[in-house]
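S.K.: Just so it is clear, I am handing over target26.pdb, which has PDB, C-alpha atoms and all ligand atoms.
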```pdb
ATOM      1  CA  MET X   1       0.000   0.000   0.000
ATOM      2  CA  ASN X   2       1.170   3.546  -0.762
ATOM      3  CA  PRO X   3       1.792   5.106   2.698
ATOM      4  CA  LEU X   4       0.404   8.415   1.417
ATOM      5  CA  GLU X   5      -3.056   6.836   1.226
ATOM      6  CA  ARG X   6      -3.299   7.152   5.008
ATOM      7  CA  TYR X   7      -3.557  10.938   4.524
ATOM      8  CA  ALA X   8      -6.499  10.836   2.097
ATOM      9  CA  PRO X   9      -8.965  11.713   4.905
ATOM     10  CA  LEU X  10      -6.972  14.910   5.595
ATOM     11  CA  VAL X  11      -6.826  16.208   2.030
ATOM     12  CA  ASP X  12      -9.575  18.202   0.299
ATOM     13  CA  ASP X  13      -8.941  16.918  -3.245
ATOM     14  CA  THR X  14      -7.341  13.482  -3.150
ATOM     15  CA  ASP X  15      -7.024  13.155  -6.961
ATOM     16  CA  ALA X  16      -5.133  16.458  -7.168
ATOM     17  CA  PHE X  17      -2.993  15.463  -4.171
ATOM     18  CA  PHE X  18      -1.917  12.086  -5.606
ATOM     19  CA  GLU X  19      -1.391  13.542  -9.106
ATOM     20  CA  ALA X  20       0.819  16.311  -7.723
ATOM     21  CA  CYS X  21       2.855  13.780  -5.710
ATOM     22  CA  GLU X  22       3.698  11.977  -8.986
ATOM     23  CA  ARG X  23       4.846  15.069 -10.889
ATOM     24  CA  PRO X  24       8.553  16.024 -10.776
ATOM     25  CA  LEU X  25       9.315  19.067  -8.668
ATOM     26  CA  PRO X  26      10.282  22.303 -10.473
ATOM     27  CA  SER X  27      13.856  23.504  -9.743
ATOM     28  CA  VAL X  28      13.951  26.721  -7.728
ATOM     29  CA  VAL X  29      16.808  29.032  -6.704
ATOM     30  CA  ARG X  30      16.916  31.660  -3.976
ATOM     31  CA  VAL X  31      18.826  34.881  -4.608
ATOM     32  CA  ASN X  32      21.514  35.278  -1.948
ATOM     33  CA  THR X  33      21.127  38.901  -0.862
ATOM     34  CA  ILE X  34      24.520  38.846   0.911
ATOM     35  CA  LYS X  35      26.140  38.896  -2.553
ATOM     36  CA  ALA X  36      23.494  40.038  -5.030
ATOM     37  CA  ASP X  37      19.981  41.373  -5.332
ATOM     38  CA  PRO X  38      17.113  39.893  -7.332
ATOM     39  CA  GLU X  39      17.483  42.353 -10.224
ATOM     40  CA  ARG X  40      21.225  41.716 -10.580
ATOM     41  CA  ALA X  41      20.744  37.930 -10.344
ATOM     42  CA  ARG X  42      18.032  38.015 -13.020
ATOM     43  CA  ARG X  43      20.330  40.017 -15.336
ATOM     44  CA  ALA X  44      23.123  37.458 -14.784
ATOM     45  CA  LEU X  45      20.766  34.616 -15.692
ATOM     46  CA  ASP X  46      19.650  36.578 -18.796
ATOM     47  CA  ASP X  47      23.311  36.963 -19.805
ATOM     48  CA  GLU X  48      23.790  33.199 -19.367
ATOM     49  CA  GLY X  49      20.686  32.431 -21.426
ATOM     50  CA  VAL X  50      19.102  30.609 -18.451
ATOM     51  CA  VAL X  51      15.309  30.715 -18.576
ATOM     52  CA  TYR X  52      13.602  31.532 -15.257
ATOM     53  CA  GLU X  53      10.118  32.285 -14.027
ATOM     54  CA  PRO X  54       9.326  34.564 -11.096
ATOM     55  CA  VAL X  55       7.660  33.134  -7.993
ATOM     56  CA  ASP X  56       4.734  35.436  -7.331
ATOM     57  CA  TRP X  57       4.984  35.553  -3.513
ATOM     58  CA  HIS X  58       8.754  36.161  -3.196
ATOM     59  CA  ASP X  59      10.907  38.211  -5.579
ATOM     60  CA  GLY X  60      14.073  36.427  -4.394
ATOM     61  CA  LEU X  61      12.894  33.013  -5.625
ATOM     62  CA  LEU X  62      13.099  31.970  -9.285
ATOM     63  CA  ARG X  63      11.865  28.788 -10.918
ATOM     64  CA  LEU X  64      14.209  27.289 -13.520
ATOM     65  CA  PRO X  65      12.023  25.210 -15.845
ATOM     66  CA  ASP X  66      14.886  23.897 -18.011
ATOM     67  CA  ALA X  67      17.993  23.985 -15.835
ATOM     68  CA  SER X  68      19.473  22.505 -12.669
ATOM     69  CA  PRO X  69      20.327  25.111 -10.036
ATOM     70  CA  GLY X  70      24.057  24.372  -9.806
ATOM     71  CA  THR X  71      25.075  24.683 -13.454
ATOM     72  CA  ASN X  72      25.455  28.414 -14.071
ATOM     73  CA  TRP X  73      28.039  30.976 -13.037
ATOM     74  CA  PRO X  74      25.786  33.125 -10.792
ATOM     75  CA  TYR X  75      25.380  29.950  -8.724
ATOM     76  CA  PHE X  76      29.147  29.294  -8.546
ATOM     77  CA  HIS X  77      29.722  32.901  -7.505
ATOM     78  CA  GLY X  78      27.265  32.493  -4.638
ATOM     79  CA  TRP X  79      24.558  34.772  -6.022
ATOM     80  CA  LEU X  80      22.063  31.901  -6.089
ATOM     81  CA  HIS X  81      21.329  28.884  -3.947
ATOM     82  CA  GLY X  82      19.173  25.913  -4.923
ATOM     83  CA  GLN X  83      16.316  25.824  -2.442
ATOM     84  CA  GLU X  84      12.861  24.384  -2.770
ATOM     85  CA  GLU X  85      10.140  27.032  -2.835
ATOM     86  CA  VAL X  86       8.303  25.631   0.192
ATOM     87  CA  SER X  87      11.552  25.355   2.145
ATOM     88  CA  ALA X  88      11.801  29.162   2.218
ATOM     89  CA  VAL X  89       8.700  29.395   4.454
ATOM     90  CA  PRO X  90      10.110  28.507   7.938
ATOM     91  CA  ALA X  91      12.802  31.229   7.923
ATOM     92  CA  LEU X  92      10.149  33.787   6.928
ATOM     93  CA  ALA X  93       7.976  32.570   9.823
ATOM     94  CA  LEU X  94      10.966  32.893  12.178
ATOM     95  CA  ASP X  95      11.643  36.476  10.966
ATOM     96  CA  PRO X  96      15.182  36.821  12.408
ATOM     97  CA  GLN X  97      16.536  40.359  12.842
ATOM     98  CA  PRO X  98      20.081  41.675  12.231
ATOM     99  CA  GLY X  99      22.153  41.422  15.422
ATOM    100  CA  GLU X 100      20.150  38.619  17.043
ATOM    101  CA  LYS X 101      21.338  35.205  18.257
ATOM    102  CA  VAL X 102      19.605  32.449  16.319
ATOM    103  CA  TRP X 103      19.882  28.676  16.698
ATOM    104  CA  ASP X 104      19.362  26.410  13.700
ATOM    105  CA  SER X 105      19.242  23.064  15.488
ATOM    106  CA  CYS X 106      19.224  20.781  12.417
ATOM    107  CA  ALA X 107      21.043  22.945   9.927
ATOM    108  CA  ALA X 108      22.786  20.859   7.283
ATOM    109  CA  PRO X 109      23.179  21.283   4.363
ATOM    110  CA  GLY X 110      22.240  24.870   5.156
ATOM    111  CA  SER X 111      19.482  26.151   2.873
ATOM    112  CA  LYS X 112      17.622  27.677   5.783
ATOM    113  CA  THR X 113      20.770  28.604   7.742
ATOM    114  CA  THR X 114      22.088  30.695   4.870
ATOM    115  CA  GLN X 115      18.636  32.188   4.278
ATOM    116  CA  LEU X 116      18.554  33.231   7.965
ATOM    117  CA  SER X 117      22.001  34.846   7.652
ATOM    118  CA  ALA X 118      20.889  36.763   4.568
ATOM    119  CA  MET X 119      17.699  37.937   6.328
ATOM    120  CA  MET X 120      19.938  39.179   9.186
ATOM    121  CA  ASP X 121      22.206  41.080   6.740
ATOM    122  CA  ASP X 122      24.949  38.686   7.899
ATOM    123  CA  ARG X 123      24.935  40.407  11.336
ATOM    124  CA  GLY X 124      24.495  38.895  14.806
ATOM    125  CA  VAL X 125      25.093  35.174  15.013
ATOM    126  CA  VAL X 126      23.512  32.065  13.558
ATOM    127  CA  VAL X 127      24.547  28.848  15.287
ATOM    128  CA  GLY X 128      24.179  26.122  12.683
ATOM    129  CA  ASN X 129      24.112  22.755  14.411
ATOM    130  CA  ASP X 130      23.755  19.240  13.060
ATOM    131  CA  ASN X 131      24.771  15.824  14.366
ATOM    132  CA  ASN X 132      25.994  14.538  10.992
ATOM    133  CA  LEU X 133      29.606  15.362  10.154
ATOM    134  CA  GLY X 134      29.312  14.681   6.411
ATOM    135  CA  ARG X 135      26.306  16.954   6.109
ATOM    136  CA  LEU X 136      28.081  19.622   8.173
ATOM    137  CA  SER X 137      30.812  19.805   5.545
ATOM    138  CA  SER X 138      28.119  20.613   2.954
ATOM    139  CA  LEU X 139      26.852  23.323   5.302
ATOM    140  CA  ARG X 140      30.344  24.840   5.561
ATOM    141  CA  HIS X 141      30.842  24.656   1.807
ATOM    142  CA  ASN X 142      27.493  26.349   1.111
ATOM    143  CA  ALA X 143      28.114  29.059   3.730
ATOM    144  CA  GLU X 144      31.521  29.839   2.202
ATOM    145  CA  ARG X 145      30.197  29.983  -1.354
ATOM    146  CA  LEU X 146      27.382  32.284  -0.261
ATOM    147  CA  GLY X 147      29.740  34.597   1.692
ATOM    148  CA  VAL X 148      28.091  34.004   5.090
ATOM    149  CA  THR X 149      30.285  35.241   7.964
ATOM    150  CA  ASN X 150      27.896  35.341  10.951
ATOM    151  CA  LEU X 151      27.748  31.538  11.234
ATOM    152  CA  VAL X 152      29.120  29.361  14.037
ATOM    153  CA  VAL X 153      28.999  25.651  13.184
ATOM    154  CA  THR X 154      28.513  23.072  15.950
ATOM    155  CA  LYS X 155      28.158  19.293  15.935
ATOM    156  CA  GLN X 156      25.913  18.234  18.789
ATOM    157  CA  ASP X 157      22.829  16.147  19.354
ATOM    158  CA  GLY X 158      20.123  18.811  19.288
ATOM    159  CA  ARG X 159      18.221  17.025  22.075
ATOM    160  CA  ASN X 160      20.800  17.995  24.678
ATOM    161  CA  PHE X 161      22.487  20.946  22.990
ATOM    162  CA  SER X 162      24.873  22.851  25.264
ATOM    163  CA  LEU X 163      25.385  26.612  24.898
ATOM    164  CA  LYS X 164      28.488  26.551  27.140
ATOM    165  CA  PRO X 165      31.033  26.876  24.290
ATOM    166  CA  LEU X 166      29.135  29.878  22.859
ATOM    167  CA  GLY X 167      29.625  32.411  25.676
ATOM    168  CA  PHE X 168      25.918  33.309  25.991
ATOM    169  CA  ASP X 169      23.094  31.426  27.598
ATOM    170  CA  GLU X 170      19.973  31.886  25.475
ATOM    171  CA  PHE X 171      18.888  32.492  21.910
ATOM    172  CA  ASP X 172      16.502  35.141  20.599
ATOM    173  CA  ARG X 173      15.058  32.671  18.117
ATOM    174  CA  ALA X 174      15.419  29.026  17.142
ATOM    175  CA  ILE X 175      14.418  26.902  14.189
ATOM    176  CA  VAL X 176      13.932  23.141  14.257
ATOM    177  CA  ASP X 177      13.804  21.869  10.680
ATOM    178  CA  ALA X 178      13.579  18.366  11.950
ATOM    179  CA  PRO X 179      14.768  15.015  10.624
ATOM    180  CA  CYS X 180      11.574  13.303   9.463
ATOM    181  CA  SER X 181      10.109  10.554   7.304
ATOM    182  CA  CYS X 182      10.319  12.949   4.305
ATOM    183  CA  GLU X 183       6.969  11.950   2.791
ATOM    184  CA  GLY X 184       6.606  15.427   1.294
ATOM    185  CA  THR X 185       9.813  15.028  -0.749
ATOM    186  CA  ILE X 186       8.288  12.290  -2.936
ATOM    187  CA  ARG X 187       8.307  14.599  -5.989
ATOM    188  CA  LYS X 188      12.062  15.131  -5.669
ATOM    189  CA  ASN X 189      12.976  11.598  -4.518
ATOM    190  CA  PRO X 190      10.465   9.083  -5.891
ATOM    191  CA  ASP X 191      12.144   6.267  -3.849
ATOM    192  CA  THR X 192      11.644   8.047  -0.573
ATOM    193  CA  LEU X 193       8.689   5.936   0.537
ATOM    194  CA  ASP X 194      10.279   2.567  -0.315
ATOM    195  CA  GLN X 195      11.641   2.231   3.224
ATOM    196  CA  TRP X 196       8.589   3.789   4.965
ATOM    197  CA  THR X 197       7.448   2.121   8.192
ATOM    198  CA  LEU X 198       5.173   3.300  10.986
ATOM    199  CA  GLU X 199       7.921   2.264  13.456
ATOM    200  CA  HIS X 200      10.258   4.782  11.824
ATOM    201  CA  VAL X 201       7.597   7.497  12.021
ATOM    202  CA  HIS X 202       7.272   6.849  15.768
ATOM    203  CA  SER X 203      11.012   6.687  16.403
ATOM    204  CA  VAL X 204      11.790   9.896  14.493
ATOM    205  CA  ALA X 205       8.868  11.601  16.313
ATOM    206  CA  ALA X 206      10.636  10.866  19.613
ATOM    207  CA  VAL X 207      13.783  12.606  18.297
ATOM    208  CA  GLN X 208      11.700  15.554  17.046
ATOM    209  CA  LYS X 209      10.085  15.995  20.471
ATOM    210  CA  GLY X 210      13.519  16.020  22.118
ATOM    211  CA  ILE X 211      14.985  18.626  19.758
ATOM    212  CA  LEU X 212      11.926  20.907  19.820
ATOM    213  CA  SER X 213      11.844  20.769  23.647
ATOM    214  CA  ARG X 214      15.501  21.771  23.773
ATOM    215  CA  ALA X 215      14.865  24.646  21.337
ATOM    216  CA  VAL X 216      12.133  26.054  23.579
ATOM    217  CA  GLN X 217      14.356  25.703  26.671
ATOM    218  CA  ALA X 218      17.288  27.436  24.930
ATOM    219  CA  THR X 219      15.233  30.427  23.713
ATOM    220  CA  LYS X 220      14.573  33.510  25.844
ATOM    221  CA  PRO X 221      11.073  34.264  27.186
ATOM    222  CA  GLY X 222       9.193  36.130  24.471
ATOM    223  CA  GLY X 223      11.463  34.563  21.835
ATOM    224  CA  THR X 224      10.295  32.615  18.807
ATOM    225  CA  VAL X 225      10.746  28.971  17.855
ATOM    226  CA  VAL X 226       9.730  27.614  14.460
ATOM    227  CA  TYR X 227       9.198  23.902  13.885
ATOM    228  CA  SER X 228       9.074  22.429  10.386
ATOM    229  CA  THR X 229       9.131  19.079   8.611
ATOM    230  CA  CYS X 230       8.771  17.913   5.036
ATOM    231  CA  THR X 231       6.299  15.202   5.951
ATOM    232  CA  PHE X 232       2.553  14.714   6.312
ATOM    233  CA  ALA X 233       2.371  12.348   9.326
ATOM    234  CA  PRO X 234       0.499  14.044  12.206
ATOM    235  CA  GLU X 235       2.636  11.920  14.558
ATOM    236  CA  GLU X 236       5.639  14.020  13.401
ATOM    237  CA  ASN X 237       3.823  17.346  13.178
ATOM    238  CA  GLU X 238       0.869  18.303  15.375
ATOM    239  CA  ALA X 239       1.681  15.533  17.913
ATOM    240  CA  VAL X 240       5.192  16.962  18.358
ATOM    241  CA  VAL X 241       3.867  20.494  18.847
ATOM    242  CA  ASP X 242       1.189  19.160  21.219
ATOM    243  CA  HIS X 243       3.919  17.435  23.237
ATOM    244  CA  VAL X 244       5.943  20.634  23.797
ATOM    245  CA  LEU X 245       2.782  22.589  24.638
ATOM    246  CA  ASP X 246       2.310  20.060  27.455
ATOM    247  CA  THR X 247       5.883  19.869  28.655
ATOM    248  CA  GLU X 248       7.511  23.282  27.981
ATOM    249  CA  GLU X 249       6.675  26.961  28.537
ATOM    250  CA  CYS X 250       5.364  27.988  25.124
ATOM    251  CA  LYS X 251       2.277  28.663  23.041
ATOM    252  CA  VAL X 252       1.390  28.425  19.347
ATOM    253  CA  VAL X 253       1.180  31.732  17.495
ATOM    254  CA  ASP X 254      -0.292  32.117  14.038
ATOM    255  CA  PHE X 255       1.759  33.445  11.158
ATOM    256  CA  ASP X 256       0.903  34.652   7.716
ATOM    257  CA  CYS X 257       1.831  31.660   5.562
ATOM    258  CA  PRO X 258       2.821  33.025   2.146
ATOM    259  CA  LEU X 259       1.726  29.835   0.360
ATOM    260  CA  ASP X 260      -1.748  28.309   0.297
ATOM    261  CA  SER X 261      -2.014  26.014   3.287
ATOM    262  CA  VAL X 262      -4.570  24.289   5.483
ATOM    263  CA  SER X 263      -4.819  24.228   9.272
ATOM    264  CA  GLY X 264      -3.042  21.667  11.414
ATOM    265  CA  VAL X 265      -5.294  18.797  12.483
ATOM    266  CA  THR X 266      -6.598  18.380  16.038
ATOM    267  CA  GLU X 267      -7.536  14.701  15.653
ATOM    268  CA  TRP X 268      -5.730  11.797  14.103
ATOM    269  CA  GLU X 269      -6.585   8.130  14.536
ATOM    270  CA  ASP X 270      -7.003   7.675  18.330
ATOM    271  CA  ASP X 271      -5.242  10.894  19.311
ATOM    272  CA  SER X 272      -6.371  14.469  19.796
ATOM    273  CA  TYR X 273      -4.213  17.568  20.014
ATOM    274  CA  ASP X 274      -4.417  21.020  21.581
ATOM    275  CA  SER X 275      -6.894  23.199  19.673
ATOM    276  CA  SER X 276      -4.184  25.829  19.034
ATOM    277  CA  VAL X 277      -2.491  23.536  16.488
ATOM    278  CA  THR X 278      -5.133  24.793  14.051
ATOM    279  CA  ASP X 279      -2.839  27.856  13.815
ATOM    280  CA  THR X 280      -0.068  25.677  12.366
ATOM    281  CA  HIS X 281       0.172  25.149   8.626
ATOM    282  CA  ARG X 282       0.041  22.070   6.382
ATOM    283  CA  ILE X 283       1.216  22.714   2.839
ATOM    284  CA  TYR X 284       0.175  19.978   0.413
ATOM    285  CA  PRO X 285       1.900  19.578  -2.991
ATOM    286  CA  HIS X 286      -1.231  20.237  -5.052
ATOM    287  CA  LEU X 287      -1.987  23.568  -3.349
ATOM    288  CA  ASN X 288       0.982  25.493  -4.810
ATOM    289  CA  ASP X 289       2.790  22.937  -7.026
ATOM    290  CA  THR X 290       5.525  22.491  -4.386
ATOM    291  CA  GLY X 291       6.812  19.779  -2.089
ATOM    292  CA  GLY X 292       4.812  18.890   1.023
ATOM    293  CA  PHE X 293       5.553  20.705   4.265
ATOM    294  CA  TYR X 294       4.428  21.452   7.797
ATOM    295  CA  CYS X 295       5.303  24.607   9.742
ATOM    296  CA  ALA X 296       4.441  25.782  13.261
ATOM    297  CA  LYS X 297       5.445  28.977  15.068
ATOM    298  CA  LEU X 298       5.774  29.037  18.854
ATOM    299  CA  GLU X 299       6.360  31.825  21.355
ATOM    300  CA  VAL X 300       8.340  31.026  24.479
ATOM    301  CA  THR X 301       6.289  32.201  27.460
ATOM    302  CA  ALA X 302       8.670  31.912  30.460
TER     303      ALA X 302
HETATM  304  C1  LIG D 401      15.538  18.161   7.248
HETATM  305  S1  LIG D 401      17.251  18.028   7.484
HETATM  306  C2  LIG D 401      17.753  19.699   7.692
HETATM  307  C3  LIG D 401      17.805  20.499   6.411
HETATM  308  C4  LIG D 401      18.353  21.897   6.625
HETATM  309  N1  LIG D 401      17.639  22.615   7.658
HETATM  310  C5  LIG D 401      18.311  22.721   5.351
HETATM  311  O1  LIG D 401      17.371  23.517   5.171
HETATM  312  O2  LIG D 401      19.217  22.610   4.532
HETATM  313  C6  LIG D 401      17.359  17.401   9.102
HETATM  314  C7  LIG D 401      18.765  17.377   9.659
HETATM  315  O3  LIG D 401      18.710  16.947  11.029
HETATM  316  C8  LIG D 401      19.910  16.304  11.343
HETATM  317  N2  LIG D 401      19.704  15.553  12.597
HETATM  318  C9  LIG D 401      19.146  14.336  12.776
HETATM  319  N3  LIG D 401      19.106  14.017  14.070
HETATM  320  C10 LIG D 401      19.649  15.078  14.748
HETATM  321  C11 LIG D 401      19.901  15.357  16.126
HETATM  322  N4  LIG D 401      19.557  14.469  17.093
HETATM  323  N5  LIG D 401      20.486  16.527  16.457
HETATM  324  C12 LIG D 401      20.833  17.437  15.490
HETATM  325  N6  LIG D 401      20.620  17.213  14.159
HETATM  326  C13 LIG D 401      20.023  16.053  13.813
HETATM  327  C14 LIG D 401      20.200  15.479  10.091
HETATM  328  O4  LIG D 401      21.567  15.147  10.010
HETATM  329  C15 LIG D 401      19.737  16.415   8.979
HETATM  330  O5  LIG D 401      20.820  17.135   8.448
END
```
Could you write out this file's structure as structure tokens?

M.R.:
Amino acid sequence: MNPLERYAPLVDDTDAFFEACERPLPSVVRVNTIKADPERARRALDDEGVVYEPVDWHDGLLRLPDASPGTNWPYFHGWLHGQEEVSAVPALALDPQPGEKVWDSCAAPGSKTTQLSAMMDDRGVVVGNDNNLGRLSSLRHNAERLGVTNLVVTKQDGRNFSLKPLGFDEFDRAIVDAPCSCEGTIRKNPDTLDQWTLEHVHSVAAVQKGILSRAVQATKPGGTVVYSTCTFAPEENEAVVDHVLDTEECKVVDFDCPLDSVSGVTEWEDDSYDSSVTDTHRIYPHLNDTGGFYCAKLEVTA
């Protein structure tokens, strides 16, 4: 059985959902505003003869219908970074400001980390953490190519992250772009569901709860924590948010999702979740012709 069929009861138009999941994902690049601006990047692509289409909700994102992101000189010079359209949403929800201290708990290979740095005008500090050494080298490589200088890279398990080596004791904001069962990446990686099991969903949900709890603990009162996954399973989305609402000092806050989305679910199989998860966002592939995603914004309350 296709594991995605378990989500049919959650989706408004199941035919459109399954059709979208079978279509390849359009390539998208983000303009790196540390080195270029959208107008300059578009001119460079024109000069290269690379066809692009604007993304209507963000002038720094360009769809490349005929090209791979990494094959043109504006990319090599760090003016562009390949980043899925939907993957740009969590950093916008986090809204980091220049000069702040921001934790990216699961950072590699760095699409969101480098987007955060650019949104902060490369000022303040972004701590990009991951527990996978190989993926951390991709993060470093991407940060160097994009000219990011406000990044500190750490290799720790996000569940018991220590700030001791950093010389400060809390973050202004944190983002948990969690390891997940990746169901929403099916358009990019058609094999992604071959190894799907419910046991894996439950085991990765336990890791997600640990990292999100630590992010809330490590963020100052009044600070913001954003949680995101590229999967549909409520066990890895609303259930994780519901868990930290129970165990940590935080509340869900709504945000203006720039893509069409539907509300988080309050009931799934035998479980029910806090009613505030309706202010979290599920982004299905057929709604905007993107990958699948989930994004929640939390405010730390004490
Ligand atoms: C969805 S990916 C992150 C993608 C990244 N945010 C980006 O936008 O490029 C999840 C990451 O979590 C990392 N990870 C898994 N378990 C972890 C843990 N316990 N602590 C920290 N990172 C972990 C994985 O190595 C992986 O790089």

S.K.: Taking only residues of chain X that have an atom at most 6 Å from an atom of ligand LIG 401 (chain D), what is each one's shortest atom pair and its distance in Å to one decimal, using all atoms listed in the file, in chain and number order, as CSV?

M.R.:
```
residue,atom,partner,partner_atom,distance
X:Ser105,CA,D:LIG401,C12,5.8
X:Cys106,CA,D:LIG401,O3,4.1
X:Ala107,CA,D:LIG401,N1,4.1
X:Ala108,CA,D:LIG401,O5,4.4
X:Pro109,CA,D:LIG401,O2,4.2
X:Gly110,CA,D:LIG401,O2,3.8
X:Ser111,CA,D:LIG401,O2,3.9
X:Lys112,CA,D:LIG401,O1,4.2
X:Asp130,CA,D:LIG401,N6,3.9
X:Asn131,CA,D:LIG401,N6,4.4
X:Asn132,CA,D:LIG401,O4,4.6
X:Arg135,CA,D:LIG401,O5,6.0
X:Asp157,CA,D:LIG401,N5,3.7
X:Gly158,CA,D:LIG401,N5,3.7
X:Arg159,CA,D:LIG401,N4,5.8
X:Asp177,CA,D:LIG401,N1,4.9
X:Ala178,CA,D:LIG401,C6,4.8
X:Pro179,CA,D:LIG401,C6,3.8
```

S.K.: If you apply the PyMOL selection byres (((chain X and resi 150) around 7) and not hetatm) to this file, what residues do you get, as a PyMOL selection string?

M.R.: chain X and resi 117+122-126+148-149+151-152

S.K.: Using only C-alpha atoms for the distances, tell me which of X:Val207, X:Lys35, X:Ala218, X:Asp260 is nearest to Val240 in chain X.

M.R.: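 Counting only C-alpha atoms, the residue closest to Val240 in chain X is X:Val207.
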
S.K.: To verify the selection step, state as a compact mmCIF listing (two decimals) with C-alpha atoms, in the frame of the given file which residues the PyMOL selection byres (((chain X and resi 92-94) around 7) and not hetatm) yields on this input.

M.R.:
```txt
# COMPACT_ATOMS: atom_id res chain seq x y z
CA ALA X 88 11.80 29.16 2.22
CA VAL X 89 8.70 29.40 4.45
CA PRO X 90 10.11 28.51 7.94
CA ALA X 91 12.80 31.23 7.92
CA ASP X 95 11.64 36.48 10.97
CA PRO X 96 15.18 36.82 12.41
CA THR X 224 10.30 32.62 18.81
CA VAL X 225 10.75 28.97 17.86
CA VAL X 226 9.73 27.61 14.46
CA PHE X 255 1.76 33.44 11.16
CA LYS X 297 5.44 28.98 15.07
```

S.K.: Starting from the shown file, work through the PyMOL selection byres (((chain X and resi 275) around 10) and not hetatm) and note down what comes out as number ranges by chain.

M.R.: X: 242, 252, 264-267, 272-274, 276-279

S.K.: Can you measure CA of Asp169 in chain X to CA of Lys220 in chain X for me? One decimal in Å is fine.

M.R.: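 Pair CA of Asp169 in chain X / CA of Lys220 in chain X returns 8.9 Å.
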
S.K.: For CA of Pro69 in chain X and CA of Thr185 in chain X, quote the distance in Å rounded to one decimal.

M.R.: 17.3 Å

S.K.: In terms of the shortest atom-to-atom distance over all atoms listed in the file, which of X:Ala8, X:Val127, X:Ile34, X:Val300 is closest to Glu144 in chain X?

M.R.: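 For Glu144 in chain X, the nearest of the candidates is X:Ile34.
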
S.K.: Could you give me, as CSV, every range 46-112 of chain X residue with an atom at most 8 Å from range 9-29 of chain X, plus its closest atom pair and distance in Å to one decimal, counting only C-alpha atoms, rows ordered by chain then number?

M.R.:
```
residue,atom,partner,partner_atom,distance
X:Leu61,CA,X:Val29,CA,5.7
X:Leu62,CA,X:Val29,CA,5.4
X:Arg63,CA,X:Val28,CA,4.3
X:Leu64,CA,X:Ser27,CA,5.4
X:Pro65,CA,X:Pro26,CA,6.4
X:Ala67,CA,X:Ser27,CA,7.4
X:Ser68,CA,X:Ser27,CA,6.4
X:Pro69,CA,X:Val29,CA,6.2
X:Leu80,CA,X:Val29,CA,6.0
X:His81,CA,X:Val29,CA,5.3
X:Gly82,CA,X:Val29,CA,4.3
X:Gln83,CA,X:Val29,CA,5.4
X:Glu84,CA,X:Val28,CA,5.6
X:Glu85,CA,X:Val28,CA,6.2
```

S.K.: Grab the CA of Phe168 in chain X to CA of Lys155 in chain X distance for me, in Å with one decimal place.

M.R.: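 Going from CA of Phe168 in chain X over to CA of Lys155 in chain X covers 17.4 Å.
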
S.K.: Take every atom of range 229-236 of chain X listed in the file, fit an axis-aligned box around them, add 5 Å per side, and give the centre and edge lengths in Å to one decimal as AutoDock Vina command-line options.

M.R.:
```
--center_x 4.8 --center_y 15.5 --center_z 9.8 --size_x 18.6 --size_y 17.2 --size_z 19.5
```

S.K.: Nearest to Asn2 in chain X among X:Ala206, X:Cys257, X:Leu193, X:Val201, with distances taken over only C-alpha atoms: which residue is it?

M.R.: X:Leu193

S.K.: Counting only C-alpha atoms, which residues come within 12 Å of (22.1, 33.0, -17.8), with the point read in the file's coordinates, and could you list them as a list in words?

M.R.: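 Checked against the point, the hits come out as Arg40, Ala41, Arg42, Arg43, Ala44, Leu45, Asp46, Asp47, Glu48, Gly49, Val50, Val51, Tyr52, Leu64, Asp66, Ala67, Ser68, Pro69, Gly70, Thr71, Asn72, Trp73, Pro74, Tyr75 and Leu80 of chain X.
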
S.K.: Keeping C-alpha atoms, export the residues of the selection given above as a compact mmCIF listing (two decimals), keeping the file's coordinate frame.

M.R.:
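Result file follows (again-v7.txt):
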```
# COMPACT_ATOMS: atom_id res chain seq x y z
CA ARG X 40 21.22 41.72 -10.58
CA ALA X 41 20.74 37.93 -10.34
CA ARG X 42 18.03 38.02 -13.02
CA ARG X 43 20.33 40.02 -15.34
CA ALA X 44 23.12 37.46 -14.78
CA LEU X 45 20.77 34.62 -15.69
CA ASP X 46 19.65 36.58 -18.80
CA ASP X 47 23.31 36.96 -19.80
CA GLU X 48 23.79 33.20 -19.37
CA GLY X 49 20.69 32.43 -21.43
CA VAL X 50 19.10 30.61 -18.45
CA VAL X 51 15.31 30.72 -18.58
CA TYR X 52 13.60 31.53 -15.26
CA LEU X 64 14.21 27.29 -13.52
CA ASP X 66 14.89 23.90 -18.01
CA ALA X 67 17.99 23.98 -15.84
CA SER X 68 19.47 22.50 -12.67
CA PRO X 69 20.33 25.11 -10.04
CA GLY X 70 24.06 24.37 -9.81
CA THR X 71 25.08 24.68 -13.45
CA ASN X 72 25.46 28.41 -14.07
CA TRP X 73 28.04 30.98 -13.04
CA PRO X 74 25.79 33.12 -10.79
CA TYR X 75 25.38 29.95 -8.72
CA LEU X 80 22.06 31.90 -6.09
```

S.K.: Which one is closest to Val31 in chain X: X:Glu235, X:Asp59, X:Glu100, X:Glu183? Count only C-alpha atoms.

M.R.: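 Under the stated criterion, the closest residue is X:Asp59.
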
S.K.: Here is a test: counting all atoms listed in the file, which residue of X:Asp104, X:Met120, X:Thr192, X:Val86 is nearest to Leu139 in chain X?

M.R.: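 Of X:Asp104, X:Met120, X:Thr192, X:Val86, the one nearest Leu139 in chain X, counting all atoms listed in the file, is X:Asp104.
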
S.K.: From the list X:Leu166, X:Cys180, X:Ala36, X:Ile283, which residue is nearest Leu198 in chain X when using only C-alpha atoms?

M.R.: X:Cys180
